[in-house]
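**Q** The file below is work_19.cif, mmCIF, C-alpha atoms:
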```
data_start
loop_
_atom_site.label_atom_id
_atom_site.label_comp_id
_atom_site.auth_asym_id
_atom_site.auth_seq_id
_atom_site.Cartn_x
_atom_site.Cartn_y
_atom_site.Cartn_z
CA MET A 1 167.72 64.18 137.41
CA LYS A 2 169.01 63.60 140.93
CA VAL A 3 166.67 64.04 143.89
CA THR A 4 168.13 64.11 147.39
CA LEU A 5 165.71 63.66 150.25
CA THR A 6 165.45 62.11 153.69
CA VAL A 7 162.90 59.32 154.05
CA ASN A 8 162.18 57.94 157.52
CA GLY A 9 165.44 59.40 158.79
CA THR A 10 167.67 58.02 156.03
CA GLU A 11 169.07 60.28 153.33
CA HIS A 12 168.71 59.04 149.75
CA ALA A 13 170.03 60.42 146.49
CA VAL A 14 167.90 58.95 143.71
CA GLU A 15 168.28 59.33 139.94
CA VAL A 16 164.79 59.62 138.41
CA PRO A 17 163.15 61.12 135.31
CA ALA A 18 161.72 64.62 135.96
CA ASN A 19 158.13 63.38 135.60
CA THR A 20 158.49 60.86 138.46
CA LEU A 21 155.86 61.26 141.17
CA LEU A 22 156.95 61.26 144.80
CA VAL A 23 154.83 58.16 145.44
CA ASP A 24 156.68 56.26 142.69
CA LEU A 25 160.06 57.24 144.09
CA ILE A 26 158.90 55.93 147.47
CA ARG A 27 157.34 52.69 146.20
CA VAL A 28 159.53 51.80 143.21
CA ASN A 29 162.95 53.28 143.92
CA LEU A 30 162.97 52.89 147.70
CA GLN A 31 160.71 49.80 147.76
CA LEU A 32 158.62 51.24 150.60
CA THR A 33 155.30 49.81 149.50
CA GLY A 34 153.30 50.66 152.60
CA THR A 35 152.31 53.92 150.89
CA HIS A 36 149.48 52.96 148.53
CA VAL A 37 148.15 54.36 145.27
CA GLY A 38 144.37 54.21 145.16
CA CYS A 39 142.85 56.74 142.78
CA ASP A 40 146.00 58.49 141.50
CA THR A 41 143.88 61.68 141.20
CA THR A 42 144.30 63.43 144.61
CA GLN A 43 141.00 62.16 145.91
CA CYS A 44 141.36 58.99 147.98
CA GLY A 45 144.32 59.82 150.24
CA ALA A 46 145.80 56.28 150.30
CA CYS A 47 149.17 57.79 149.27
CA THR A 48 149.30 60.25 152.19
CA VAL A 49 152.79 60.77 153.64
CA HIS A 50 154.32 63.53 155.75
CA LEU A 51 156.43 66.12 153.96
CA ASP A 52 158.38 68.20 156.48
CA GLY A 53 155.80 67.25 159.10
CA ARG A 54 152.60 67.91 157.15
CA ALA A 55 150.29 65.40 155.42
CA VAL A 56 150.41 65.52 151.62
CA LYS A 57 149.25 63.25 148.81
CA ALA A 58 152.37 61.69 147.33
CA CYS A 59 150.57 60.86 144.04
CA SER A 60 150.07 64.56 143.39
CA MET A 61 153.54 65.92 143.68
CA LEU A 62 156.74 65.41 141.78
CA ALA A 63 159.67 63.67 143.41
CA ALA A 64 161.63 66.79 142.41
CA GLN A 65 159.37 68.93 144.62
CA ALA A 66 160.59 66.93 147.62
CA GLU A 67 164.23 67.91 147.04
CA GLY A 68 165.85 68.48 150.43
CA ALA A 69 162.67 67.53 152.31
CA HIS A 70 162.07 65.16 155.18
CA VAL A 71 159.50 62.54 154.23
CA THR A 72 157.86 60.14 156.67
CA THR A 73 155.93 57.12 155.41
CA ILE A 74 153.88 54.55 157.31
CA GLU A 75 157.08 52.45 157.66
CA GLY A 76 158.72 55.32 159.54
CA ILE A 77 156.29 55.68 162.43
CA GLY A 78 156.43 52.27 164.08
CA ASP A 79 157.06 48.57 163.55
CA PRO A 80 155.13 45.41 164.49
CA GLU A 81 156.80 45.25 167.91
CA ASN A 82 156.51 48.97 168.62
CA LEU A 83 153.34 50.27 167.03
CA HIS A 84 152.79 54.02 166.86
CA PRO A 85 149.92 54.96 169.23
CA MET A 86 147.74 55.64 166.18
CA GLN A 87 148.48 52.20 164.73
CA ALA A 88 147.74 50.62 168.12
CA ALA A 89 144.45 52.53 168.30
CA PHE A 90 143.43 51.39 164.80
CA ARG A 91 144.08 47.78 165.89
CA GLU A 92 142.27 48.22 169.17
CA HIS A 93 139.17 49.77 167.57
CA HIS A 94 139.04 47.49 164.49
CA ALA A 95 139.49 50.60 162.36
CA LEU A 96 140.33 48.65 159.22
CA GLN A 97 138.66 46.07 157.06
CA CYS A 98 140.61 45.45 153.83
CA GLY A 99 143.39 47.77 155.05
CA PHE A 100 144.10 49.45 151.72
CA CYS A 101 143.29 52.98 152.92
CA THR A 102 144.84 52.44 156.36
CA PRO A 103 148.38 53.80 155.79
CA GLY A 104 146.95 57.05 154.40
CA MET A 105 144.29 57.23 157.11
CA ILE A 106 146.93 56.85 159.83
CA MET A 107 149.29 59.45 158.34
CA GLN A 108 146.43 61.94 157.96
CA ALA A 109 145.16 61.13 161.48
CA ILE A 110 148.60 61.91 162.95
CA ASP A 111 148.61 65.26 161.10
CA LEU A 112 145.17 66.01 162.54
CA ILE A 113 146.28 65.27 166.10
CA ASP A 114 149.51 67.24 165.69
CA ASN A 115 147.80 70.34 164.32
CA ASN A 116 144.58 70.58 166.34
CA ASP A 117 143.81 71.04 169.97
CA GLY A 118 140.78 69.32 171.42
CA LEU A 119 139.64 67.22 168.48
CA ASP A 120 136.00 66.18 168.59
CA SER A 121 134.35 63.60 166.41
CA GLN A 122 132.95 66.20 163.97
CA THR A 123 136.39 67.80 163.48
CA ILE A 124 137.88 64.35 162.89
CA ARG A 125 135.20 63.54 160.29
CA GLU A 126 135.88 66.83 158.50
CA GLY A 127 139.61 66.18 158.78
CA LEU A 128 139.19 62.89 156.91
CA GLU A 129 137.58 64.57 153.89
CA GLY A 130 140.61 63.75 151.80
CA ASN A 131 140.70 60.05 152.70
CA ILE A 132 138.29 57.51 151.29
CA CYS A 133 137.61 54.07 152.81
CA ARG A 134 135.82 51.97 150.23
CA CYS A 135 134.84 49.43 152.92
CA THR A 136 133.05 52.44 154.48
CA GLY A 137 134.65 51.70 157.84
CA TYR A 138 134.64 55.32 158.90
CA HIS A 139 132.92 54.93 162.24
CA ASN A 140 135.67 52.84 163.82
CA ILE A 141 138.37 54.97 162.18
CA VAL A 142 136.87 58.05 163.86
CA ARG A 143 136.67 56.17 167.18
CA ALA A 144 140.33 55.15 166.93
CA ILE A 145 141.48 58.71 166.22
CA GLU A 146 139.23 60.06 168.97
CA SER A 147 140.82 57.67 171.48
CA VAL A 148 144.31 58.96 170.62
CA ALA A 149 143.10 62.58 170.73
CA ASN A 150 141.58 62.05 174.17
CA ALA A 151 144.71 60.32 175.47
CA SER A 152 147.09 63.08 174.35
CA MET B 1 152.38 62.50 132.33
CA TYR B 2 154.60 63.41 129.37
CA GLN B 3 158.27 64.12 129.97
CA PHE B 4 159.41 67.72 130.57
CA ASN B 5 162.44 69.68 131.72
CA TYR B 6 162.27 70.65 135.39
CA HIS B 7 163.76 73.92 136.63
CA LYS B 8 163.87 75.43 140.10
CA PRO B 9 165.02 79.04 139.88
CA ALA B 10 166.07 80.95 143.01
CA SER B 11 164.82 84.37 141.88
CA LEU B 12 162.03 85.98 139.85
CA ASP B 13 164.51 87.20 137.24
CA GLU B 14 165.88 83.72 136.77
CA ALA B 15 162.33 82.28 136.52
CA VAL B 16 161.33 84.78 133.84
CA ALA B 17 164.56 84.18 131.90
CA LEU B 18 163.90 80.42 131.93
CA PHE B 19 160.35 81.06 130.76
CA ARG B 20 161.54 83.22 127.83
CA GLU B 21 164.06 80.60 126.71
CA ALA B 22 161.80 77.57 126.85
CA ASP B 23 159.67 76.22 124.04
CA ASP B 24 156.30 75.79 125.78
CA PRO B 25 156.86 76.47 129.50
CA MET B 26 154.54 76.63 132.50
CA TYR B 27 155.15 77.85 136.03
CA LEU B 28 154.55 75.33 138.82
CA SER B 29 153.28 76.52 142.19
CA GLY B 30 151.70 73.97 144.55
CA GLY B 31 150.72 71.82 141.59
CA MET B 32 147.33 70.80 142.94
CA THR B 33 145.68 71.58 139.60
CA LEU B 34 148.56 71.59 137.15
CA LEU B 35 149.99 68.17 138.00
CA ALA B 36 146.55 66.54 137.86
CA THR B 37 146.03 68.22 134.48
CA MET B 38 149.38 66.97 133.22
CA LYS B 39 148.65 63.44 134.45
CA GLN B 40 145.52 63.50 132.31
CA ARG B 41 147.63 64.85 129.44
CA LEU B 42 145.39 67.88 129.20
CA ALA B 43 148.54 69.97 129.61
CA ALA B 44 151.96 69.03 128.28
CA PRO B 45 154.48 71.80 128.90
CA THR B 46 158.01 71.26 127.61
CA ASP B 47 159.41 72.93 130.72
CA LEU B 48 158.11 73.20 134.27
CA ILE B 49 159.50 76.14 136.23
CA ASP B 50 159.01 75.43 139.93
CA LEU B 51 158.49 78.65 141.92
CA ALA B 52 159.17 76.96 145.30
CA GLY B 53 162.68 78.38 145.62
CA ILE B 54 161.78 82.08 145.33
CA ALA B 55 161.96 83.50 148.85
CA GLU B 56 160.21 86.81 148.06
CA MET B 57 156.97 84.98 147.15
CA THR B 58 156.36 83.62 150.65
CA GLY B 59 155.17 85.13 153.89
CA VAL B 60 152.26 87.05 155.35
CA GLN B 61 152.33 90.73 156.34
CA VAL B 62 149.51 92.42 158.20
CA ASN B 63 149.29 96.20 158.57
CA ALA B 64 146.52 98.56 159.66
CA ASP B 65 144.42 98.50 156.50
CA ALA B 66 145.57 95.53 154.44
CA VAL B 67 146.79 91.95 154.55
CA ARG B 68 149.54 90.99 152.12
CA VAL B 69 149.90 87.30 151.29
CA GLY B 70 152.86 85.96 149.32
CA ALA B 71 151.77 84.00 146.24
CA PHE B 72 153.52 80.81 147.37
CA THR B 73 151.64 80.72 150.70
CA THR B 74 149.69 77.49 151.18
CA HIS B 75 145.99 77.41 152.04
CA ASN B 76 146.69 75.84 155.44
CA VAL B 77 149.13 78.63 156.32
CA VAL B 78 146.43 81.22 155.54
CA ALA B 79 143.80 79.16 157.40
CA GLY B 80 146.04 78.75 160.45
CA SER B 81 147.72 82.18 160.59
CA ALA B 82 146.90 83.84 163.91
CA GLU B 83 147.67 87.22 162.32
CA ILE B 84 145.22 86.75 159.45
CA GLN B 85 142.59 85.23 161.77
CA GLN B 86 142.81 88.42 163.79
CA ALA B 87 142.92 90.99 160.97
CA LEU B 88 140.89 89.35 158.20
CA PRO B 89 139.17 86.25 159.59
CA VAL B 90 137.09 85.71 156.46
CA LEU B 91 140.26 84.92 154.48
CA SER B 92 141.37 82.24 156.95
CA GLN B 93 137.88 80.76 157.00
CA LEU B 94 137.71 80.68 153.19
CA ALA B 95 141.16 79.07 152.92
CA GLY B 96 140.12 76.38 155.42
CA LEU B 97 137.22 75.38 153.15
CA ILE B 98 139.40 74.61 150.11
CA GLY B 99 139.71 70.96 149.08
CA ASP B 100 140.95 68.75 151.90
CA ASN B 101 143.73 68.97 154.48
CA GLN B 102 146.40 67.37 152.28
CA VAL B 103 145.51 69.64 149.36
CA ARG B 104 145.61 72.70 151.66
CA ASN B 105 149.15 71.71 152.69
CA ARG B 106 150.33 71.97 149.07
CA GLY B 107 148.01 74.31 147.17
CA THR B 108 148.95 78.00 147.08
CA ILE B 109 147.01 81.25 146.82
CA GLY B 110 149.00 82.41 143.81
CA GLY B 111 148.43 79.17 141.95
CA SER B 112 144.71 79.24 142.66
CA VAL B 113 144.27 82.86 141.58
CA ALA B 114 146.46 82.51 138.46
CA ASN B 115 144.45 79.48 137.33
CA SER B 116 141.06 81.29 137.50
CA ASP B 117 139.18 78.04 137.92
CA PRO B 118 135.50 79.05 137.80
CA SER B 119 134.82 77.12 141.05
CA ALA B 120 137.89 78.08 143.08
CA ASP B 121 137.32 79.88 146.39
CA TYR B 122 140.10 82.50 146.45
CA PRO B 123 138.81 84.46 143.43
CA ALA B 124 135.70 85.34 145.48
CA ALA B 125 138.02 86.96 148.03
CA VAL B 126 140.12 88.81 145.44
CA VAL B 127 136.95 90.26 143.88
CA GLY B 128 134.82 90.59 147.01
CA LEU B 129 137.48 92.29 149.11
CA GLY B 130 138.74 94.40 146.20
CA GLY B 131 142.22 92.90 146.37
CA THR B 132 145.23 93.84 144.28
CA VAL B 133 147.27 91.21 142.48
CA HIS B 134 150.95 92.09 142.24
CA THR B 135 153.28 90.57 139.68
CA GLN B 136 156.98 91.07 139.06
CA GLN B 137 156.14 93.97 136.74
CA ARG B 138 152.84 95.60 137.75
CA SER B 139 149.77 95.67 140.01
CA ILE B 140 146.39 94.50 138.75
CA SER B 141 143.08 95.44 140.36
CA GLY B 142 140.99 92.50 141.55
CA ASP B 143 138.10 93.86 139.49
CA GLU B 144 140.09 93.47 136.29
CA PHE B 145 142.09 90.35 137.04
CA PHE B 146 139.65 87.55 136.20
CA GLN B 147 138.60 87.70 132.56
CA ASP B 148 137.04 84.39 131.58
CA LEU B 149 137.17 80.63 132.11
CA PHE B 150 140.82 79.97 133.13
CA GLU B 151 141.64 83.40 131.65
CA THR B 152 143.24 86.21 133.63
CA ALA B 153 144.91 89.53 132.92
CA LEU B 154 148.33 87.86 133.31
CA GLN B 155 150.61 88.08 130.28
CA PRO B 156 152.80 85.12 129.24
CA GLY B 157 155.76 84.94 131.62
CA GLU B 158 154.13 87.10 134.27
CA ILE B 159 154.30 85.74 137.85
CA ILE B 160 152.01 86.66 140.73
CA THR B 161 154.32 87.62 143.60
CA HIS B 162 151.79 88.61 146.28
CA ILE B 163 148.20 89.70 146.79
CA ASP B 164 146.97 92.58 148.95
CA PHE B 165 143.55 92.39 150.59
CA PRO B 166 142.05 95.57 152.09
CA ILE B 167 140.62 94.95 155.55
CA PRO B 168 136.85 95.62 155.65
CA LYS B 169 134.83 96.52 158.72
CA ARG B 170 133.41 93.01 158.56
CA ALA B 171 132.99 90.25 155.99
CA ALA B 172 131.65 86.73 155.53
CA TYR B 173 131.96 83.93 152.98
CA ARG B 174 129.51 81.15 152.28
CA LYS B 175 129.73 78.45 149.67
CA PHE B 176 127.63 75.59 148.45
CA PRO B 177 130.33 72.94 148.05
CA ASN B 178 130.22 70.13 145.56
CA PRO B 179 129.88 67.17 147.95
CA ALA B 180 132.69 65.21 146.29
CA SER B 181 135.30 67.78 145.33
CA ARG B 182 134.49 70.61 147.80
CA TYR B 183 134.79 73.04 144.91
CA ALA B 184 132.27 75.86 145.13
CA VAL B 185 129.17 75.20 143.03
CA VAL B 186 128.55 78.80 144.10
CA GLY B 187 130.43 80.83 146.70
CA VAL B 188 129.65 84.39 147.79
CA LEU B 189 131.85 86.73 149.81
CA ILE B 190 130.28 89.91 151.19
CA ALA B 191 132.45 92.66 152.62
CA ASP B 192 131.19 95.75 154.45
CA PHE B 193 133.64 98.63 154.16
CA GLY B 194 131.45 100.91 156.28
CA GLY B 195 129.22 102.64 153.77
CA SER B 196 130.05 100.55 150.75
CA VAL B 197 129.42 96.86 150.30
CA ARG B 198 131.21 94.53 147.88
CA VAL B 199 129.86 91.15 146.81
CA GLY B 200 132.23 88.68 145.14
CA VAL B 201 130.81 85.56 143.49
CA THR B 202 132.65 82.42 142.42
CA GLY B 203 131.33 79.21 140.86
CA ALA B 204 128.36 80.75 139.08
CA GLY B 205 129.95 82.22 135.96
CA PRO B 206 133.02 81.47 133.81
CA CYS B 207 135.12 83.42 136.32
CA ALA B 208 134.65 85.32 139.57
CA PHE B 209 132.67 88.57 139.36
CA ARG B 210 130.96 91.23 141.48
CA ALA B 211 127.20 90.87 141.93
CA SER B 212 126.43 94.53 141.27
CA GLY B 213 122.65 94.10 141.63
CA ILE B 214 123.07 92.70 145.14
CA GLU B 215 125.64 95.39 146.00
CA GLU B 216 123.15 98.12 145.02
CA VAL B 217 120.37 96.91 147.31
CA LEU B 218 122.76 96.18 150.19
CA ASN B 219 124.19 99.70 149.94
CA GLU B 220 120.61 100.85 150.63
CA HIS B 221 119.64 98.23 153.24
CA LEU B 222 122.17 95.88 154.80
CA ASP B 223 119.55 93.22 155.38
CA PRO B 224 119.26 89.65 154.02
CA SER B 225 115.63 90.19 152.97
CA ALA B 226 116.76 93.03 150.66
CA ILE B 227 118.38 90.34 148.46
CA ASN B 228 115.04 88.62 147.79
CA GLY B 229 113.90 91.11 145.16
CA VAL B 230 117.20 91.21 143.23
CA GLU B 231 117.20 89.75 139.75
CA VAL B 232 120.35 87.63 139.18
CA PRO B 233 120.44 86.97 135.44
CA ASP B 234 121.76 83.48 134.59
CA ALA B 235 122.86 84.36 131.04
CA GLY B 236 126.37 83.01 130.53
CA PHE B 237 126.37 81.12 133.83
CA ASN B 238 127.95 77.69 134.05
CA ASN B 239 125.57 74.93 133.08
CA ASP B 240 126.93 71.43 133.67
CA LEU B 241 126.23 68.09 135.33
CA HIS B 242 126.74 69.65 138.78
CA ALA B 243 124.15 72.42 138.45
CA SER B 244 122.14 74.25 135.81
CA ALA B 245 122.70 77.95 135.15
CA GLU B 246 119.27 78.70 136.58
CA TYR B 247 120.06 76.79 139.80
CA ARG B 248 123.39 78.58 140.14
CA ALA B 249 121.63 81.96 139.83
CA HIS B 250 119.29 80.85 142.61
CA LEU B 251 122.27 79.73 144.75
CA VAL B 252 123.91 83.15 144.36
CA LYS B 253 121.02 84.71 146.26
CA VAL B 254 120.83 81.91 148.85
CA MET B 255 124.58 82.05 149.57
CA ALA B 256 124.47 85.87 149.64
CA ARG B 257 121.66 85.82 152.23
CA ARG B 258 123.55 83.31 154.37
CA ALA B 259 126.82 85.23 154.09
CA LEU B 260 125.07 88.44 155.03
CA SER B 261 123.43 86.78 158.05
CA ASP B 262 126.91 85.63 159.17
CA LEU B 263 128.33 89.10 158.54
CA LEU B 264 125.63 90.79 160.62
CA LYS B 265 126.47 88.50 163.56
CA THR B 266 130.09 89.68 163.64
#
```
What does the file become when written as structure tokens?
**A**
Amino acid sequence: MKVTLTVNGTEHAVEVPANTLLVDLIRVNLQLTGTHVGCDTTQCGACTVHLDGRAVKACSMLAAQAEGAHVTTIEGIGDPENLHPMQAAFREHHALQCGFCTPGMIMQAIDLIDNNDGLDSQTIREGLEGNICRCTGYHNIVRAIESVANAS
Amino acid sequence: MYQFNYHKPASLDEAVALFREADDPMYLSGGMTLLATMKQRLAAPTDLIDLAGIAEMTGVQVNADAVRVGAFTTHNVVAGSAEIQQALPVLSQLAGLIGDNQVRNRGTIGGSVANSDPSADYPAAVVGLGGTVHTQQRSISGDEFFQDLFETALQPGEIITHIDFPIPKRAAYRKFPNPASRYAVVGVLIADFGGSVRVGVTGAGPCAFRASGIEEVLNEHLDPSAINGVEVPDAGFNNDLHASAEYRAHLVKVMARRALSDLLKT
């Protein structure tokens, strides 16, 4: 079946089997491999992308469900020369160790900032319930997000 | 996940027609349970009928004595709706406790209620608030909707279109979440309709139910200590690696006391 969607500002029409997951369309068909697959069971959040502005787990929806949608992946928010403020804060606060969870953490963190006023550290911790860092680097991740929340 | 035919009808009539024609169809709402189930090959429908394109299943309407929520409304919309927060804050609070943020952006109230997962949060609200589940062909009382483990009063092909929740004088919901999944090991919603109290329980049994023993004592004395003497029988309660039936029966009373304490503060 054909799925038409906009990813990072570019429209794509992709021919995929109906049982294709959104994350596979992103990684395999569009070769945007910054979005990771960790658990593949809706738990770890490494596959988090924005669907029409809200954070979702791309391993747990069909590509077909994104028909007509605007998807933003980690590649769409900044580049090495112009980091997104959240990426810059993660670098500044050493908020990553192995880096596997980082794309999902950053996409979820941006959703948290966009949809909450006055984030405190407890709200940030609760907001990261759907993202797992197996290096257990949560403390610096929370600090990084807090710094962006305080600056905005 | 096995292969299937994907359909996205634009109306209820079209959805039902597709369902009748297909070999072994299932409706797809947010997909937060169904897709995970299909990935594990525990479900293998021949046809998935996506309800995302049906406009009449979305939206929130608040009037003087009830809140109407379209079946396709996501948990985060209910949690964040200023209208619902004002009219029926317990529903927004409950929705905000489901899963995690990403799941709340996809999961829907209709999908959750239709699935009748024994540990889902919304069934406690449907039962505890005395809601009414509307489908394309009839209205079903919240007291009769949940029948057993993953079993509801819905007939094959029937689609939940919206759910009405009567607005109580005050209400509160407390749950003991599984620390990993955030599913309710036990969740209790207590609603005070001014003279009559309803107590909806999720997580403890095969499906959500009213704790009639607790309702009886609270109709006499709206006081947390009144719950102490109630016998909550654990016969038929869920008994698994997360909690024994006996422990769940104990949690029903603990969560009821905490919910009632919250309710009395409002």
**Q** Name all residues at most 9 Å from Asn228 of chain B (count all atoms listed in the file; drop same-chain ones fewer than 4 positions away) and give them as an MDAnalysis selection string.
**A** chainID B and resid 224 253:254 257
**Q** Give me, as a list in words, the contact residues of chain B against chain A at a cut-off of 9 Å, counting only C-alpha atoms.
**A**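 Applying the cut-off to the listed atoms yields Met1, Tyr2, Gln3, Phe4, Asn5, Tyr6, Gly30, Gly31, Met32, Leu35, Ala36, Lys39, Asp50, Ala52, Gly99, Asp100, Asn101, Gln102, Val103, Arg104, Asn105, Arg106, Ala180 and Ser181 of chain B.
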**Q** Any chance you could export the current selection's C-alpha atoms as a short mmCIF file (atom, residue, chain, number, x, y, z; two decimals), in the frame of the given file?
**A**
```cif
data_model
loop_
_atom_site.label_atom_id
_atom_site.label_comp_id
_atom_site.auth_asym_id
_atom_site.auth_seq_id
_atom_site.Cartn_x
_atom_site.Cartn_y
_atom_site.Cartn_z
CA MET B 1 152.38 62.50 132.33
CA TYR B 2 154.60 63.41 129.37
CA GLN B 3 158.27 64.12 129.97
CA PHE B 4 159.41 67.72 130.57
CA ASN B 5 162.44 69.68 131.72
CA TYR B 6 162.27 70.65 135.39
CA GLY B 30 151.70 73.97 144.55
CA GLY B 31 150.72 71.82 141.59
CA MET B 32 147.33 70.80 142.94
CA LEU B 35 149.99 68.17 138.00
CA ALA B 36 146.55 66.54 137.86
CA LYS B 39 148.65 63.44 134.45
CA ASP B 50 159.01 75.43 139.93
CA ALA B 52 159.17 76.96 145.30
CA GLY B 99 139.71 70.96 149.08
CA ASP B 100 140.95 68.75 151.90
CA ASN B 101 143.73 68.97 154.48
CA GLN B 102 146.40 67.37 152.28
CA VAL B 103 145.51 69.64 149.36
CA ARG B 104 145.61 72.70 151.66
CA ASN B 105 149.15 71.71 152.69
CA ARG B 106 150.33 71.97 149.07
CA ALA B 180 132.69 65.21 146.29
CA SER B 181 135.30 67.78 145.33
#
```
**Q** The PyMOL selection byres ((chain A and resi 89-104) around 6) - which residues does that actually catch in the file I just gave you? List them as a PDB file with C-alpha atoms, in the coordinates of the input.
**A**
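The resulting result.pdb:
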```pdb
ATOM      1  CA  GLY A  45     144.320  59.820 150.240  1.00  0.00           C
ATOM      2  CA  ALA A  46     145.800  56.280 150.300  1.00  0.00           C
ATOM      3  CA  CYS A  47     149.170  57.790 149.270  1.00  0.00           C
ATOM      4  CA  THR A  48     149.300  60.250 152.190  1.00  0.00           C
ATOM      5  CA  ILE A  74     153.880  54.550 157.310  1.00  0.00           C
ATOM      6  CA  MET A  86     147.740  55.640 166.180  1.00  0.00           C
ATOM      7  CA  GLN A  87     148.480  52.200 164.730  1.00  0.00           C
ATOM      8  CA  ALA A  88     147.740  50.620 168.120  1.00  0.00           C
ATOM      9  CA  MET A 105     144.290  57.230 157.110  1.00  0.00           C
ATOM     10  CA  ILE A 106     146.930  56.850 159.830  1.00  0.00           C
ATOM     11  CA  MET A 107     149.290  59.450 158.340  1.00  0.00           C
ATOM     12  CA  CYS A 133     137.610  54.070 152.810  1.00  0.00           C
ATOM     13  CA  ASN A 140     135.670  52.840 163.820  1.00  0.00           C
ATOM     14  CA  ILE A 141     138.370  54.970 162.180  1.00  0.00           C
ATOM     15  CA  ALA A 144     140.330  55.150 166.930  1.00  0.00           C
TER      16      ALA A 144
END
```
**Q** Expand the PyMOL selection byres ((chain A and resi 121) around 8) into the explicit residue set it covers here, and present it as an mmCIF file with C-alpha atoms, keeping the file's coordinate frame.
**A**
```cif
data_model
loop_
_atom_site.group_PDB
_atom_site.id
_atom_site.type_symbol
_atom_site.label_atom_id
_atom_site.label_comp_id
_atom_site.auth_asym_id
_atom_site.auth_seq_id
_atom_site.Cartn_x
_atom_site.Cartn_y
_atom_site.Cartn_z
ATOM 1 C CA LEU A 119 139.640 67.220 168.480
ATOM 2 C CA ASP A 120 136.000 66.180 168.590
ATOM 3 C CA GLN A 122 132.950 66.200 163.970
ATOM 4 C CA THR A 123 136.390 67.800 163.480
ATOM 5 C CA ILE A 124 137.880 64.350 162.890
ATOM 6 C CA ARG A 125 135.200 63.540 160.290
ATOM 7 C CA VAL A 142 136.870 58.050 163.860
ATOM 8 C CA ARG A 143 136.670 56.170 167.180
ATOM 9 C CA GLU A 146 139.230 60.060 168.970
#
```
**Q** Could you expand the PyMOL selection byres ((chain B and resi 159) around 6) into the explicit residues it covers here, written as JSON, numbers by chain?
**A** {"B": [135, 158, 160]}
**Q** In Å to one decimal, how far is atom CA of Lys175 of chain B from atom CA of Ile84 of chain B?
**A**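 Distance between the two atoms: 20.1 Å.
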**Q** For a test of reading the model, state the distance in Å between atom CA of Ala69 of chain A and atom CA of His36 of chain A, rounded to one decimal.
**A** 20.0 Å
**Q** For atom CA of Ser212 of chain B and atom CA of Asp164 of chain B, determine how far apart the two atoms are, in Å to one decimal place.
**A**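 For atom CA of Ser212 of chain B relative to atom CA of Asp164 of chain B, the distance reads 22.0 Å.
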**Q** Using all atoms listed in the file, which residue out of A:Thr35, A:Asn82, A:Thr10, A:Ser147 lies closest to Ala109 of chain A?
**A** A:Ser147
**Q** May I have the protein, DNA and RNA residues with any atom at most 10 Å from the point (161.3, 64.2, 153.8), counting all atoms listed in the file, written as a PyMOL selection string?
**A** chain A and resi 4-12+49-53+66-73
**Q** Take the residues just selected and output them with C-alpha atoms as a PDB file, in the coordinates of the input.
**A**
```
ATOM      1  CA  THR A   4     168.130  64.110 147.390  1.00  0.00           C
ATOM      2  CA  LEU A   5     165.710  63.660 150.250  1.00  0.00           C
ATOM      3  CA  THR A   6     165.450  62.110 153.690  1.00  0.00           C
ATOM      4  CA  VAL A   7     162.900  59.320 154.050  1.00  0.00           C
ATOM      5  CA  ASN A   8     162.180  57.940 157.520  1.00  0.00           C
ATOM      6  CA  GLY A   9     165.440  59.400 158.790  1.00  0.00           C
ATOM      7  CA  THR A  10     167.670  58.020 156.030  1.00  0.00           C
ATOM      8  CA  GLU A  11     169.070  60.280 153.330  1.00  0.00           C
ATOM      9  CA  HIS A  12     168.710  59.040 149.750  1.00  0.00           C
ATOM     10  CA  VAL A  49     152.790  60.770 153.640  1.00  0.00           C
ATOM     11  CA  HIS A  50     154.320  63.530 155.750  1.00  0.00           C
ATOM     12  CA  LEU A  51     156.430  66.120 153.960  1.00  0.00           C
ATOM     13  CA  ASP A  52     158.380  68.200 156.480  1.00  0.00           C
ATOM     14  CA  GLY A  53     155.800  67.250 159.100  1.00  0.00           C
ATOM     15  CA  ALA A  66     160.590  66.930 147.620  1.00  0.00           C
ATOM     16  CA  GLU A  67     164.230  67.910 147.040  1.00  0.00           C
ATOM     17  CA  GLY A  68     165.850  68.480 150.430  1.00  0.00           C
ATOM     18  CA  ALA A  69     162.670  67.530 152.310  1.00  0.00           C
ATOM     19  CA  HIS A  70     162.070  65.160 155.180  1.00  0.00           C
ATOM     20  CA  VAL A  71     159.500  62.540 154.230  1.00  0.00           C
ATOM     21  CA  THR A  72     157.860  60.140 156.670  1.00  0.00           C
ATOM     22  CA  THR A  73     155.930  57.120 155.410  1.00  0.00           C
TER      23      THR A  73
END
```
**Q** Which residues are near Glu15 of chain A? Cut-off 7 Å, all atoms listed in the file, ignore same chain within fewer than 2 positions. Put them as a list in words.
**A**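 Residues meeting the cut-off are Met1, Lys2, Val3 and Ala13 of chain A.
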**Q** Just write the chosen residues, C-alpha atoms, as a PDB file, keeping the file's coordinate frame.
**A**
```
ATOM      1  CA  MET A   1     167.720  64.180 137.410  1.00  0.00           C
ATOM      2  CA  LYS A   2     169.010  63.600 140.930  1.00  0.00           C
ATOM      3  CA  VAL A   3     166.670  64.040 143.890  1.00  0.00           C
ATOM      4  CA  ALA A  13     170.030  60.420 146.490  1.00  0.00           C
TER       5      ALA A  13
END
```
**Q** Tell me which of A:Leu25, A:Ile132, A:Leu32, A:Val16 sits closest to Gly76 of chain A, counting all atoms listed in the file.
**A**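 Ranked by minimum distance to Gly76 of chain A, first place goes to A:Leu32.
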**Q** For a quick check of understanding, using all atoms listed in the file, which of B:Val232, B:Thr266, B:Leu218, B:Gly200 has the smallest distance to Glu246 of chain B?
**A**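 With all atoms listed in the file as the atom set, the closest residue is B:Val232.
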